[in-house]
Amino acid sequence: NISVVGTYLIALTPWTYILSRHAHEGVIGALLMLLALYFLLDLSKGFSIKAMLLTNLFIILAANSYHSYRMFVFFWIFWQIVLLGFYKTKVKFNRIFFWIILFFTILIPLSIDAGSSLNRVGNLLFTQNPGIHLRLQEYLIEHGSTLIHNIYTQGIVDISNRYISQISPEFFLIWGDKNWLFGYQYLGLITLVEYVFIFIGVYYLFREHQFHRFLLLSLLLISPIPNALTWQDASLIRVYFMIFPLLFITSYGLINFLCDIKNYRIRLLTVFGLISMYGFFLLYHWDVYLFHYPKRIEVIRAWQCGYKELGQYVKNNYNKFDKFVITDRHGQPYIYLLYYLQYDPAKYQKQAIMTIPDSYGFGQ
């Protein structure tokens, strides 16, 4: 019942569709993370080389699917070491082989990073935001104590605030991602019912001494960290995986809560009330997403609509004007013009001069 309810909740939440509808790499990474979790849970039932190899294979693949999932490599390593301690006296296995596998699980992602550019990741770190340095400078002018006002203390404050913002009711229920590509006001990621049952689920995890309670909770709590380390606002992309442990816990709390209601009629009324509330909020969120979100001008601009028509206009009027003046306020128009004008890539690459990476780590 718990797995059925969890699957149902995940299948209906807008959270999963906002990114999956345009095949974002973070979604592929989430799938690989779930496979790693599946085989880790299989490993917890009894040590096997197959389960361990598959766990670490999917850890490596997930870490190289999207940069946020690199943060989880050490999480998975930690839990495998915990299992090693658990099996210390119960199961015999080759410990040297175990440590070699863990070593390569860390080494492979690091080796790939060493051989590629990390401009985008580096530019997104909170230390690269001019705002934190300007704020620090202002504080030092007002109160010159470097013990209190330094990059480390300010970093702790900023990271903590961003972390809290990722697990706040505003993020879950009202705004979600404030980037118009991935969110909009009143486009809730989960419903109020699901949010309440997160806390109820945590209660039942500990009351029932659920074997995997610490694994689930730690997986939930580590999920906001990748974005907390950046200078950006709450981001759906970097916490996409959080929906899975979150709704696992929600469904666990929901089923146990209903099972604790012994009176059949009261339980039936409770189920009806919860479904009605859930359905109302879910319908409202989907209404915003399907019928209002795509019609807002800021969303249209964020998705950079109109470049096809612009390309066609340039093509039809190319010989009528000496030059075209096109703003880059809403994106990088040269990409779209090259595509829609069917400009030869080989010819362009010979004459293109790459600019230095911008604040997001992209050049043009």
# chains A, B, ... in the order shown; residues from 1 in each chain; ligands from 1

call {"tool": "residues_around", "arguments": {"residues": "Thr105 of chain A", "least_positions_apart": "2", "cutoff": "12 Å", "atoms": "only C-alpha atoms", "output": "PyMOL selection string"}}
result
chain A and resi 52-64+70+72-78+80+98-103+107-112

call {"tool": "atom_distance", "arguments": {"atom1": "atom CA of Leu283 of chain A", "atom2": "atom CA of Leu219 of chain A"}}
result
28.9 Å

call {"tool": "residues_around", "arguments": {"residues": "segment 230-232 of chain A", "least_positions_apart": "3", "cutoff": "8 Å", "atoms": "only C-alpha atoms", "output": "list of chain:residue names"}}
result
A:Leu124, A:Leu125, A:Phe126, A:Thr127, A:Gln128, A:Asn129, A:Ile159, A:Pro226, A:Asn227, A:Ser235

call {"tool": "closest_atom_pairs", "arguments": {"of": "segment 258-346 of chain A", "to": "segment 179-202 of chain A", "cutoff": "7 Å", "atoms": "only C-alpha atoms", "output": "Markdown table"}}
result
| residue | atom | partner | partner_atom | distance |
| --- | --- | --- | --- | --- |
| A:Met277 | CA | A:Val193 | CA | 7.0 |
| A:Tyr278 | CA | A:Val193 | CA | 5.8 |
| A:Phe281 | CA | A:Thr191 | CA | 5.7 |
| A:Leu282 | CA | A:Thr191 | CA | 6.2 |
| A:His285 | CA | A:Leu187 | CA | 5.1 |
| A:Val288 | CA | A:Leu187 | CA | 5.9 |
| A:Tyr289 | CA | A:Leu187 | CA | 6.3 |
| A:Tyr293 | CA | A:Tyr184 | CA | 6.9 |
| A:Val299 | CA | A:Trp180 | CA | 5.5 |
| A:Ala302 | CA | A:Leu181 | CA | 5.8 |
| A:Trp303 | CA | A:Leu181 | CA | 6.2 |

call {"tool": "write_last_selection", "arguments": {"atoms": "C-alpha atoms", "output": "compact mmCIF listing (two decimals), in the first residue's frame"}}
result
# COMPACT_ATOMS: atom_id res chain seq x y z
CA MET A 277 -8.29 18.32 -0.18
CA TYR A 278 -5.51 16.70 -2.18
CA PHE A 281 -4.94 21.62 -4.50
CA LEU A 282 -3.60 19.29 -7.18
CA HIS A 285 -1.66 23.58 -9.40
CA VAL A 288 -1.95 27.15 -13.22
CA TYR A 289 0.63 25.06 -15.06
CA TYR A 293 1.68 29.62 -16.89
CA VAL A 299 7.27 32.94 -19.21
CA ALA A 302 11.98 33.06 -20.45
CA TRP A 303 11.39 30.22 -22.90

call {"tool": "select_by_dssp", "arguments": {"residues": "segment 109-166 of chain A", "states": "alpha helix (DSSP H)", "output": "short mmCIF file (atom, residue, chain, number, x, y, z; two decimals) with N, CA, C and O atoms, in the first residue's frame"}}
result
data_model
loop_
_atom_site.label_atom_id
_atom_site.label_comp_id
_atom_site.auth_asym_id
_atom_site.auth_seq_id
_atom_site.Cartn_x
_atom_site.Cartn_y
_atom_site.Cartn_z
N PRO A 109 34.55 9.77 -11.11
CA PRO A 109 33.99 11.12 -11.31
C PRO A 109 35.05 12.22 -11.17
O PRO A 109 35.03 13.20 -11.91
N LEU A 110 35.97 12.05 -10.21
CA LEU A 110 37.02 13.07 -10.03
C LEU A 110 37.94 13.13 -11.23
O LEU A 110 38.38 14.21 -11.64
N SER A 111 38.23 11.97 -11.82
CA SER A 111 39.10 11.93 -13.00
C SER A 111 38.45 12.62 -14.19
O SER A 111 39.10 13.34 -14.95
N ILE A 112 37.16 12.40 -14.34
CA ILE A 112 36.43 13.04 -15.44
C ILE A 112 36.41 14.55 -15.24
O ILE A 112 36.60 15.33 -16.18
N ASP A 113 36.22 14.99 -13.99
CA ASP A 113 36.24 16.43 -13.70
C ASP A 113 37.60 17.03 -13.99
O ASP A 113 37.71 18.15 -14.49
N ALA A 114 38.65 16.29 -13.66
CA ALA A 114 40.01 16.80 -13.86
C ALA A 114 40.33 16.99 -15.33
O ALA A 114 41.13 17.85 -15.70
N ASN A 119 34.07 25.38 -15.48
CA ASN A 119 33.74 26.81 -15.40
C ASN A 119 32.34 27.04 -14.86
O ASN A 119 32.12 27.91 -14.02
N ARG A 120 31.39 26.26 -15.37
CA ARG A 120 30.00 26.49 -14.96
C ARG A 120 29.82 26.21 -13.48
O ARG A 120 29.20 27.00 -12.76
N VAL A 121 30.36 25.10 -13.01
CA VAL A 121 30.24 24.76 -11.59
C VAL A 121 30.94 25.80 -10.73
O VAL A 121 30.40 26.28 -9.73
N GLY A 122 32.15 26.18 -11.15
CA GLY A 122 32.91 27.17 -10.38
C GLY A 122 32.23 28.52 -10.32
O GLY A 122 32.22 29.18 -9.28
N ASN A 123 31.63 28.94 -11.43
CA ASN A 123 30.98 30.25 -11.48
C ASN A 123 29.69 30.30 -10.68
O ASN A 123 29.19 31.38 -10.37
N LEU A 124 29.13 29.14 -10.37
CA LEU A 124 27.88 29.11 -9.61
C LEU A 124 28.11 29.04 -8.11
O LEU A 124 27.15 29.18 -7.34
N PRO A 130 29.03 38.59 -6.70
CA PRO A 130 29.51 39.90 -6.24
C PRO A 130 28.71 40.41 -5.04
O PRO A 130 29.24 41.16 -4.21
N GLY A 131 27.46 39.98 -4.92
CA GLY A 131 26.61 40.46 -3.84
C GLY A 131 27.16 40.15 -2.47
O GLY A 131 27.10 40.98 -1.55
N ILE A 132 27.70 38.95 -2.29
CA ILE A 132 28.21 38.56 -0.98
C ILE A 132 29.43 39.40 -0.60
O ILE A 132 29.61 39.77 0.57
N HIS A 133 30.24 39.76 -1.59
CA HIS A 133 31.43 40.57 -1.32
C HIS A 133 31.05 42.03 -1.04
O HIS A 133 31.64 42.67 -0.16
N LEU A 134 30.06 42.54 -1.76
CA LEU A 134 29.60 43.90 -1.51
C LEU A 134 28.94 44.01 -0.13
O LEU A 134 29.14 45.00 0.59
N ARG A 135 28.16 43.00 0.22
CA ARG A 135 27.51 43.01 1.53
C ARG A 135 28.54 42.91 2.64
O ARG A 135 28.44 43.59 3.68
N LEU A 136 29.55 42.08 2.43
CA LEU A 136 30.62 41.94 3.42
C LEU A 136 31.39 43.25 3.58
O LEU A 136 31.71 43.66 4.71
N GLN A 137 31.66 43.91 2.46
CA GLN A 137 32.35 45.20 2.51
C GLN A 137 31.52 46.23 3.27
O GLN A 137 32.05 47.01 4.07
N GLU A 138 30.22 46.23 3.04
CA GLU A 138 29.33 47.16 3.73
C GLU A 138 29.33 46.90 5.23
O GLU A 138 29.39 47.84 6.05
N TYR A 139 29.27 45.63 5.62
CA TYR A 139 29.29 45.29 7.04
C TYR A 139 30.59 45.72 7.70
O TYR A 139 30.60 46.20 8.85
N LEU A 140 31.70 45.55 6.99
CA LEU A 140 33.00 45.91 7.56
C LEU A 140 33.13 47.42 7.74
O LEU A 140 33.80 47.90 8.67
N ILE A 141 32.51 48.18 6.85
CA ILE A 141 32.52 49.64 7.00
C ILE A 141 31.71 50.05 8.23
O ILE A 141 32.11 50.93 9.00
N GLU A 142 30.58 49.36 8.43
CA GLU A 142 29.71 49.69 9.56
C GLU A 142 30.24 49.15 10.88
O GLU A 142 30.06 49.75 11.94
N ILE A 151 34.40 36.15 4.85
CA ILE A 151 33.77 35.36 3.80
C ILE A 151 33.22 34.03 4.33
O ILE A 151 32.24 33.50 3.83
N TYR A 152 33.83 33.53 5.40
CA TYR A 152 33.39 32.24 5.95
C TYR A 152 32.09 32.38 6.73
O TYR A 152 31.16 31.59 6.55
N THR A 153 32.03 33.39 7.60
CA THR A 153 30.79 33.59 8.36
C THR A 153 29.64 33.99 7.45
O THR A 153 28.51 33.52 7.61
N GLN A 154 29.94 34.86 6.47
CA GLN A 154 28.90 35.27 5.54
C GLN A 154 28.45 34.10 4.68
O GLN A 154 27.27 33.96 4.34
N GLY A 155 29.41 33.24 4.33
CA GLY A 155 29.08 32.05 3.55
C GLY A 155 28.16 31.11 4.32
O GLY A 155 27.21 30.56 3.76
N ILE A 156 28.44 30.93 5.61
CA ILE A 156 27.59 30.06 6.44
C ILE A 156 26.16 30.60 6.49
O ILE A 156 25.19 29.84 6.36
N VAL A 157 26.04 31.91 6.65
CA VAL A 157 24.71 32.53 6.70
C VAL A 157 23.98 32.35 5.36
O VAL A 157 22.82 31.95 5.33
N ASP A 158 24.68 32.63 4.27
CA ASP A 158 24.05 32.53 2.94
C ASP A 158 23.65 31.09 2.62
O ASP A 158 22.54 30.83 2.13
N ILE A 159 24.54 30.16 2.89
CA ILE A 159 24.26 28.75 2.60
C ILE A 159 23.08 28.26 3.45
O ILE A 159 22.19 27.56 2.96
N SER A 160 23.07 28.66 4.72
CA SER A 160 21.97 28.25 5.61
C SER A 160 20.64 28.80 5.13
O SER A 160 19.62 28.09 5.12
N ASN A 161 20.63 30.07 4.73
CA ASN A 161 19.39 30.68 4.25
C ASN A 161 18.88 30.00 2.98
O ASN A 161 17.67 29.77 2.83
N ARG A 162 19.80 29.70 2.06
CA ARG A 162 19.37 29.04 0.83
C ARG A 162 18.89 27.62 1.12
O ARG A 162 17.95 27.13 0.49
N TYR A 163 19.55 26.97 2.05
CA TYR A 163 19.12 25.61 2.42
C TYR A 163 17.70 25.63 2.97
O TYR A 163 16.84 24.83 2.55
N ILE A 164 17.44 26.54 3.90
CA ILE A 164 16.11 26.64 4.50
C ILE A 164 15.06 26.99 3.45
O ILE A 164 13.93 26.48 3.47
N SER A 165 15.44 27.86 2.51
CA SER A 165 14.47 28.26 1.47
C SER A 165 14.05 27.08 0.61
O SER A 165 12.95 27.08 0.05
N GLN A 166 14.91 26.06 0.50
CA GLN A 166 14.59 24.89 -0.33
C GLN A 166 13.63 23.91 0.36
O GLN A 166 13.07 23.04 -0.31
#

call {"tool": "residues_around", "arguments": {"residues": "Glu309 of chain A", "least_positions_apart": "5", "cutoff": "10 Å", "atoms": "only C-alpha atoms", "output": "list in words"}}
result
Val314, Lys315 and Tyr340 of chain A

call {"tool": "closest_residue", "arguments": {"among": "A:Pro294, A:Gly46, A:Gly29, A:Gly279", "to": "His67 of chain A", "atoms": "only C-alpha atoms"}}
result
A:Gly29

call {"tool": "residues_around", "arguments": {"residues": "Tyr240 of chain A", "least_positions_apart": "5", "cutoff": "8 Å", "atoms": "only C-alpha atoms", "output": "PyMOL selection string"}}
result
chain A and resi 15-16+26-27+30

call {"tool": "write_last_selection", "arguments": {"atoms": "all heavy atoms", "output": "mmCIF file, in the first residue's frame"}}
result
data_model
loop_
_atom_site.group_PDB
_atom_site.id
_atom_site.type_symbol
_atom_site.label_atom_id
_atom_site.label_comp_id
_atom_site.auth_asym_id
_atom_site.auth_seq_id
_atom_site.Cartn_x
_atom_site.Cartn_y
_atom_site.Cartn_z
ATOM 1 N N TRP A 15 5.872 18.513 -9.925
ATOM 2 C CA TRP A 15 7.320 18.499 -9.703
ATOM 3 C C TRP A 15 8.025 17.636 -10.748
ATOM 4 O O TRP A 15 9.041 18.032 -11.322
ATOM 5 C CB TRP A 15 7.583 17.965 -8.295
ATOM 6 C CG TRP A 15 8.995 18.053 -7.789
ATOM 7 C CD1 TRP A 15 10.147 17.775 -8.470
ATOM 8 C CD2 TRP A 15 9.407 18.443 -6.474
ATOM 9 N NE1 TRP A 15 11.249 17.942 -7.662
ATOM 10 C CE2 TRP A 15 10.820 18.356 -6.435
ATOM 11 C CE3 TRP A 15 8.727 18.829 -5.327
ATOM 12 C CZ2 TRP A 15 11.552 18.651 -5.284
ATOM 13 C CZ3 TRP A 15 9.459 19.120 -4.194
ATOM 14 C CH2 TRP A 15 10.851 19.040 -4.167
ATOM 15 N N THR A 16 7.503 16.440 -10.984
ATOM 16 C CA THR A 16 8.192 15.507 -11.882
ATOM 17 C C THR A 16 8.083 15.916 -13.348
ATOM 18 O O THR A 16 8.944 15.569 -14.157
ATOM 19 C CB THR A 16 7.628 14.083 -11.717
ATOM 20 O OG1 THR A 16 6.220 14.091 -11.975
ATOM 21 C CG2 THR A 16 7.866 13.561 -10.316
ATOM 22 N N GLY A 26 18.900 16.410 -15.489
ATOM 23 C CA GLY A 26 18.671 16.138 -14.080
ATOM 24 C C GLY A 26 17.669 15.020 -13.848
ATOM 25 O O GLY A 26 17.732 14.312 -12.836
ATOM 26 N N VAL A 27 16.748 14.842 -14.796
ATOM 27 C CA VAL A 27 15.753 13.771 -14.685
ATOM 28 C C VAL A 27 16.414 12.413 -14.903
ATOM 29 O O VAL A 27 16.133 11.445 -14.186
ATOM 30 C CB VAL A 27 14.614 13.989 -15.700
ATOM 31 C CG1 VAL A 27 13.590 12.867 -15.615
ATOM 32 C CG2 VAL A 27 13.951 15.336 -15.463
ATOM 33 N N ALA A 30 18.223 11.585 -11.841
ATOM 34 C CA ALA A 30 17.335 11.124 -10.771
ATOM 35 C C ALA A 30 17.005 9.644 -10.933
ATOM 36 O O ALA A 30 16.942 8.894 -9.950
ATOM 37 C CB ALA A 30 16.058 11.955 -10.762
#

call {"tool": "atom_distance", "arguments": {"atom1": "atom CA of Ser68 of chain A", "atom2": "atom CA of Ala36 of chain A"}}
result
15.4 Å

call {"tool": "residues_around", "arguments": {"residues": "Phe244 of chain A", "least_positions_apart": "4", "cutoff": "9 Å", "atoms": "only C-alpha atoms", "output": "tab-separated table (two decimals) with N, CA, C and O atoms, in the first residue's frame"}}
result
chain	number	residue	atom	x	y	z
A	6	GLY	N	2.85	5.98	-2.77
A	6	GLY	CA	4.02	6.78	-3.14
A	6	GLY	C	4.15	6.94	-4.65
A	6	GLY	O	4.43	8.04	-5.14
A	10	ILE	N	3.88	10.55	-6.69
A	10	ILE	CA	4.98	10.99	-7.56
A	10	ILE	C	4.50	11.16	-9.01
A	10	ILE	O	4.90	12.08	-9.71
A	30	ALA	N	18.22	11.58	-11.84
A	30	ALA	CA	17.34	11.12	-10.77
A	30	ALA	C	17.01	9.64	-10.93
A	30	ALA	O	16.94	8.89	-9.95
A	34	LEU	N	17.85	6.71	-8.28
A	34	LEU	CA	16.87	5.76	-7.76
A	34	LEU	C	17.35	4.32	-7.93
A	34	LEU	O	17.13	3.47	-7.06
A	220	LEU	N	16.88	12.81	2.19
A	220	LEU	CA	16.04	14.00	2.07
A	220	LEU	C	16.80	15.26	2.47
A	220	LEU	O	16.73	16.29	1.78
A	240	TYR	N	15.86	18.33	-7.70
A	240	TYR	CA	14.83	17.52	-8.35
A	240	TYR	C	14.65	16.17	-7.67
A	240	TYR	O	13.53	15.70	-7.48
A	248	PHE	N	8.19	9.44	-0.47
A	248	PHE	CA	8.28	8.13	0.19
A	248	PHE	C	7.86	8.28	1.65
A	248	PHE	O	7.07	7.48	2.18
A	249	ILE	N	8.40	9.30	2.30
A	249	ILE	CA	8.09	9.55	3.71
A	249	ILE	C	6.63	9.96	3.87
A	249	ILE	O	5.94	9.53	4.80

call {"tool": "atom_distance", "arguments": {"atom1": "atom CA of Phe214 of chain A", "atom2": "atom CA of Trp79 of chain A"}}
result
10.0 Å

call {"tool": "closest_residue", "arguments": {"among": "A:Val271, A:Val325, A:Ile49, A:Leu247", "to": "Val5 of chain A", "atoms": "only C-alpha atoms"}}
result
A:Leu247

call {"tool": "closest_residue", "arguments": {"among": "A:Leu147, A:Ile275, A:Leu341, A:Ile174", "to": "Leu254 of chain A", "atoms": "only C-alpha atoms"}}
result
A:Ile275

call {"tool": "decode", "arguments": {"residues": "segment 124-149 of chain A", "atoms": "N, CA, C and O atoms", "output": "PDB file, in the first residue's frame"}}
result
ATOM      1  N   LEU A 124      29.130  29.137 -10.372  1.00  0.00           N
ATOM      2  CA  LEU A 124      27.885  29.107  -9.614  1.00  0.00           C
ATOM      3  C   LEU A 124      28.107  29.041  -8.106  1.00  0.00           C
ATOM      4  O   LEU A 124      27.150  29.182  -7.340  1.00  0.00           O
ATOM      5  N   LEU A 125      29.337  28.817  -7.668  1.00  0.00           N
ATOM      6  CA  LEU A 125      29.608  28.781  -6.233  1.00  0.00           C
ATOM      7  C   LEU A 125      29.279  30.123  -5.593  1.00  0.00           C
ATOM      8  O   LEU A 125      29.458  31.181  -6.203  1.00  0.00           O
ATOM      9  N   PHE A 126      28.821  30.083  -4.356  1.00  0.00           N
ATOM     10  CA  PHE A 126      28.369  31.302  -3.677  1.00  0.00           C
ATOM     11  C   PHE A 126      29.473  32.348  -3.572  1.00  0.00           C
ATOM     12  O   PHE A 126      29.200  33.549  -3.515  1.00  0.00           O
ATOM     13  N   THR A 127      30.731  31.920  -3.572  1.00  0.00           N
ATOM     14  CA  THR A 127      31.841  32.868  -3.458  1.00  0.00           C
ATOM     15  C   THR A 127      32.010  33.717  -4.711  1.00  0.00           C
ATOM     16  O   THR A 127      32.687  34.751  -4.674  1.00  0.00           O
ATOM     17  N   GLN A 128      31.397  33.284  -5.831  1.00  0.00           N
ATOM     18  CA  GLN A 128      31.531  34.020  -7.088  1.00  0.00           C
ATOM     19  C   GLN A 128      30.478  35.109  -7.252  1.00  0.00           C
ATOM     20  O   GLN A 128      30.505  35.848  -8.233  1.00  0.00           O
ATOM     21  N   ASN A 129      29.573  35.196  -6.305  1.00  0.00           N
ATOM     22  CA  ASN A 129      28.519  36.204  -6.387  1.00  0.00           C
ATOM     23  C   ASN A 129      29.038  37.548  -5.867  1.00  0.00           C
ATOM     24  O   ASN A 129      29.446  37.648  -4.705  1.00  0.00           O
ATOM     25  N   PRO A 130      29.030  38.589  -6.705  1.00  0.00           N
ATOM     26  CA  PRO A 130      29.505  39.903  -6.235  1.00  0.00           C
ATOM     27  C   PRO A 130      28.712  40.412  -5.037  1.00  0.00           C
ATOM     28  O   PRO A 130      29.236  41.159  -4.211  1.00  0.00           O
ATOM     29  N   GLY A 131      27.457  39.982  -4.923  1.00  0.00           N
ATOM     30  CA  GLY A 131      26.609  40.463  -3.841  1.00  0.00           C
ATOM     31  C   GLY A 131      27.156  40.147  -2.467  1.00  0.00           C
ATOM     32  O   GLY A 131      27.102  40.983  -1.554  1.00  0.00           O
ATOM     33  N   ILE A 132      27.702  38.949  -2.295  1.00  0.00           N
ATOM     34  CA  ILE A 132      28.210  38.562  -0.979  1.00  0.00           C
ATOM     35  C   ILE A 132      29.426  39.400  -0.598  1.00  0.00           C
ATOM     36  O   ILE A 132      29.610  39.771   0.565  1.00  0.00           O
ATOM     37  N   HIS A 133      30.242  39.759  -1.588  1.00  0.00           N
ATOM     38  CA  HIS A 133      31.430  40.573  -1.316  1.00  0.00           C
ATOM     39  C   HIS A 133      31.048  42.031  -1.043  1.00  0.00           C
ATOM     40  O   HIS A 133      31.638  42.674  -0.165  1.00  0.00           O
ATOM     41  N   LEU A 134      30.060  42.537  -1.761  1.00  0.00           N
ATOM     42  CA  LEU A 134      29.597  43.903  -1.510  1.00  0.00           C
ATOM     43  C   LEU A 134      28.940  44.013  -0.130  1.00  0.00           C
ATOM     44  O   LEU A 134      29.143  44.998   0.589  1.00  0.00           O
ATOM     45  N   ARG A 135      28.157  43.001   0.219  1.00  0.00           N
ATOM     46  CA  ARG A 135      27.508  43.005   1.529  1.00  0.00           C
ATOM     47  C   ARG A 135      28.544  42.909   2.644  1.00  0.00           C
ATOM     48  O   ARG A 135      28.439  43.586   3.676  1.00  0.00           O
ATOM     49  N   LEU A 136      29.553  42.080   2.432  1.00  0.00           N
ATOM     50  CA  LEU A 136      30.624  41.938   3.420  1.00  0.00           C
ATOM     51  C   LEU A 136      31.388  43.247   3.582  1.00  0.00           C
ATOM     52  O   LEU A 136      31.712  43.659   4.706  1.00  0.00           O
ATOM     53  N   GLN A 137      31.657  43.906   2.463  1.00  0.00           N
ATOM     54  CA  GLN A 137      32.353  45.196   2.508  1.00  0.00           C
ATOM     55  C   GLN A 137      31.520  46.234   3.267  1.00  0.00           C
ATOM     56  O   GLN A 137      32.053  47.010   4.072  1.00  0.00           O
ATOM     57  N   GLU A 138      30.220  46.231   3.038  1.00  0.00           N
ATOM     58  CA  GLU A 138      29.326  47.164   3.732  1.00  0.00           C
ATOM     59  C   GLU A 138      29.331  46.903   5.233  1.00  0.00           C
ATOM     60  O   GLU A 138      29.395  47.838   6.045  1.00  0.00           O
ATOM     61  N   TYR A 139      29.275  45.630   5.621  1.00  0.00           N
ATOM     62  CA  TYR A 139      29.288  45.286   7.042  1.00  0.00           C
ATOM     63  C   TYR A 139      30.594  45.721   7.704  1.00  0.00           C
ATOM     64  O   TYR A 139      30.599  46.197   8.849  1.00  0.00           O
ATOM     65  N   LEU A 140      31.699  45.549   6.993  1.00  0.00           N
ATOM     66  CA  LEU A 140      32.997  45.911   7.564  1.00  0.00           C
ATOM     67  C   LEU A 140      33.133  47.422   7.737  1.00  0.00           C
ATOM     68  O   LEU A 140      33.795  47.897   8.671  1.00  0.00           O
ATOM     69  N   ILE A 141      32.508  48.183   6.847  1.00  0.00           N
ATOM     70  CA  ILE A 141      32.518  49.644   6.996  1.00  0.00           C
ATOM     71  C   ILE A 141      31.714  50.048   8.228  1.00  0.00           C
ATOM     72  O   ILE A 141      32.111  50.928   9.002  1.00  0.00           O
ATOM     73  N   GLU A 142      30.578  49.363   8.430  1.00  0.00           N
ATOM     74  CA  GLU A 142      29.709  49.691   9.560  1.00  0.00           C
ATOM     75  C   GLU A 142      30.245  49.150  10.885  1.00  0.00           C
ATOM     76  O   GLU A 142      30.055  49.751  11.942  1.00  0.00           O
ATOM     77  N   HIS A 143      30.885  47.989  10.807  1.00  0.00           N
ATOM     78  CA  HIS A 143      31.434  47.349  12.011  1.00  0.00           C
ATOM     79  C   HIS A 143      32.653  46.550  11.577  1.00  0.00           C
ATOM     80  O   HIS A 143      32.523  45.495  10.957  1.00  0.00           O
ATOM     81  N   GLY A 144      33.822  47.042  11.893  1.00  0.00           N
ATOM     82  CA  GLY A 144      35.055  46.523  11.306  1.00  0.00           C
ATOM     83  C   GLY A 144      35.608  45.254  11.904  1.00  0.00           C
ATOM     84  O   GLY A 144      36.817  45.012  11.805  1.00  0.00           O
ATOM     85  N   SER A 145      34.780  44.440  12.515  1.00  0.00           N
ATOM     86  CA  SER A 145      35.268  43.196  13.106  1.00  0.00           C
ATOM     87  C   SER A 145      35.352  42.098  12.043  1.00  0.00           C
ATOM     88  O   SER A 145      34.337  41.582  11.579  1.00  0.00           O
ATOM     89  N   THR A 146      36.567  41.731  11.670  1.00  0.00           N
ATOM     90  CA  THR A 146      36.748  40.654  10.692  1.00  0.00           C
ATOM     91  C   THR A 146      36.469  39.285  11.304  1.00  0.00           C
ATOM     92  O   THR A 146      36.310  38.303  10.575  1.00  0.00           O
ATOM     93  N   LEU A 147      36.427  39.222  12.628  1.00  0.00           N
ATOM     94  CA  LEU A 147      36.095  37.957  13.283  1.00  0.00           C
ATOM     95  C   LEU A 147      34.646  37.575  13.002  1.00  0.00           C
ATOM     96  O   LEU A 147      34.324  36.398  12.803  1.00  0.00           O
ATOM     97  N   ILE A 148      33.777  38.581  12.979  1.00  0.00           N
ATOM     98  CA  ILE A 148      32.355  38.340  12.719  1.00  0.00           C
ATOM     99  C   ILE A 148      32.047  38.438  11.230  1.00  0.00           C
ATOM    100  O   ILE A 148      31.284  37.637  10.690  1.00  0.00           O
ATOM    101  N   HIS A 149      32.663  39.413  10.581  1.00  0.00           N
ATOM    102  CA  HIS A 149      32.350  39.675   9.176  1.00  0.00           C
ATOM    103  C   HIS A 149      33.518  39.242   8.292  1.00  0.00           C
ATOM    104  O   HIS A 149      34.486  39.981   8.107  1.00  0.00           O
TER     105      HIS A 149
END
